[in-house]
Amino acid sequence: MLNIRLMTGADQDAVMPMVEDFYHSPAVEHPVDPAVLERTFQDAIDANEPLLTGLVLEEEGKAVGYAYLTECYSGEVGGRCVFFEEMYFQRGKGYGTQVFRWVKEHYPHHRRVRLEVTDSNPGAIRLYEKLGFRFLEYRQMVLEGGFAGFQTDKLSGGREDGCESGMSGPVDGPGCTLHLHPVGGA
């Protein structure tokens, strides 16, 4: 029988090899520094880090999987979201369904459950669709390193290449650049 519980420091030797395996699988689109993976594990077991929760999946006292969950607020749904940052376990044993049941029980008031999946994982896609998930038509963008990588010298307050400026106009198309304006002035 599968047991799902919160991750602790004692789980490091069992969880980190699974994390490494996950990050060397088609589920991940790019390499990640091992120091980042270690920091994430440490944050997942830190009670002072409220945004990340680590789960261990156990069968007969042995770790057989893990998951990292994060939370945020979504204006689209007017409430909190729980996001599967990572989920790793052996397929075909019903673990995925049980993890989702656990999350439903422990996050009953969250208005959205969100996850990522790569096209190279059709088995996971089938499971998620069977559970009621659908694809959002958004394309996600990231700024690695947070605002340390923010390119403020590439922003301007006017039009470029015939594109509309400001957040209300078009921001894509041939040669278009997004222009951001601070609140209260240009």
# chains A, B, ... in the order shown; residues from 1 in each chain; ligands from 1

call {"tool": "select_by_dssp", "arguments": {"residues": "stretch 45-150 of chain A", "states": "helix (DSSP H, G or I)", "output": "list of chain:residue names"}}
result
A:Tyr95, A:Gly96, A:Thr97, A:Gln98, A:Val99, A:Phe100, A:Arg101, A:Trp102, A:Val103, A:Lys104, A:Glu105, A:His106, A:Pro122, A:Gly123, A:Ala124, A:Ile125, A:Arg126, A:Leu127, A:Tyr128, A:Glu129, A:Lys130, A:Gly146, A:Phe147, A:Ala148, A:Gly149

call {"tool": "closest_atom_pairs", "arguments": {"of": "stretch 72-160 of chain A", "to": "stretch 53-58 of chain A", "cutoff": "10 Å", "atoms": "only C-alpha atoms", "output": "tab-separated table"}}
result
residue	atom	partner	partner_atom	distance
A:Phe84	CA	A:Thr53	CA	9.8
A:Glu85	CA	A:Thr53	CA	9.7
A:Glu86	CA	A:Gly54	CA	9.4
A:Met87	CA	A:Leu55	CA	9.2
A:Tyr88	CA	A:Leu57	CA	9.2
A:Phe89	CA	A:Leu57	CA	8.0
A:Tyr95	CA	A:Leu57	CA	8.2
A:Gln98	CA	A:Leu57	CA	9.6
A:Val99	CA	A:Leu57	CA	8.3

call {"tool": "residues_around", "arguments": {"residues": "stretch 128-140 of chain A", "least_positions_apart": "5", "cutoff": "10 Å", "atoms": "only C-alpha atoms", "output": "MDAnalysis selection string"}}
result
chainID A and resid 96:97 100 113:117 122:123

call {"tool": "closest_residue", "arguments": {"among": "A:Ala27, A:Ala44, A:Ala35, A:Val64", "to": "A:Thr8", "atoms": "only C-alpha atoms"}}
result
A:Ala44

call {"tool": "atom_distance", "arguments": {"atom1": "atom CA of A:Met7", "atom2": "atom CA of A:Phe41"}}
result
8.9 Å

call {"tool": "select_by_dssp", "arguments": {"residues": "chain A", "states": "strand (DSSP E or B)", "output": "ChimeraX atom specification"}}
result
/A:2-6,52-59,62-74,79-89,112-115

call {"tool": "closest_residue", "arguments": {"among": "A:His24, A:Arg112, A:His30, A:Lys104", "to": "A:Gly75", "atoms": "only C-alpha atoms"}}
result
A:Arg112

call {"tool": "closest_residue", "arguments": {"among": "A:Val103, A:Ala63, A:Leu52, A:Val36", "to": "A:Asp11", "atoms": "only C-alpha atoms"}}
result
A:Ala63
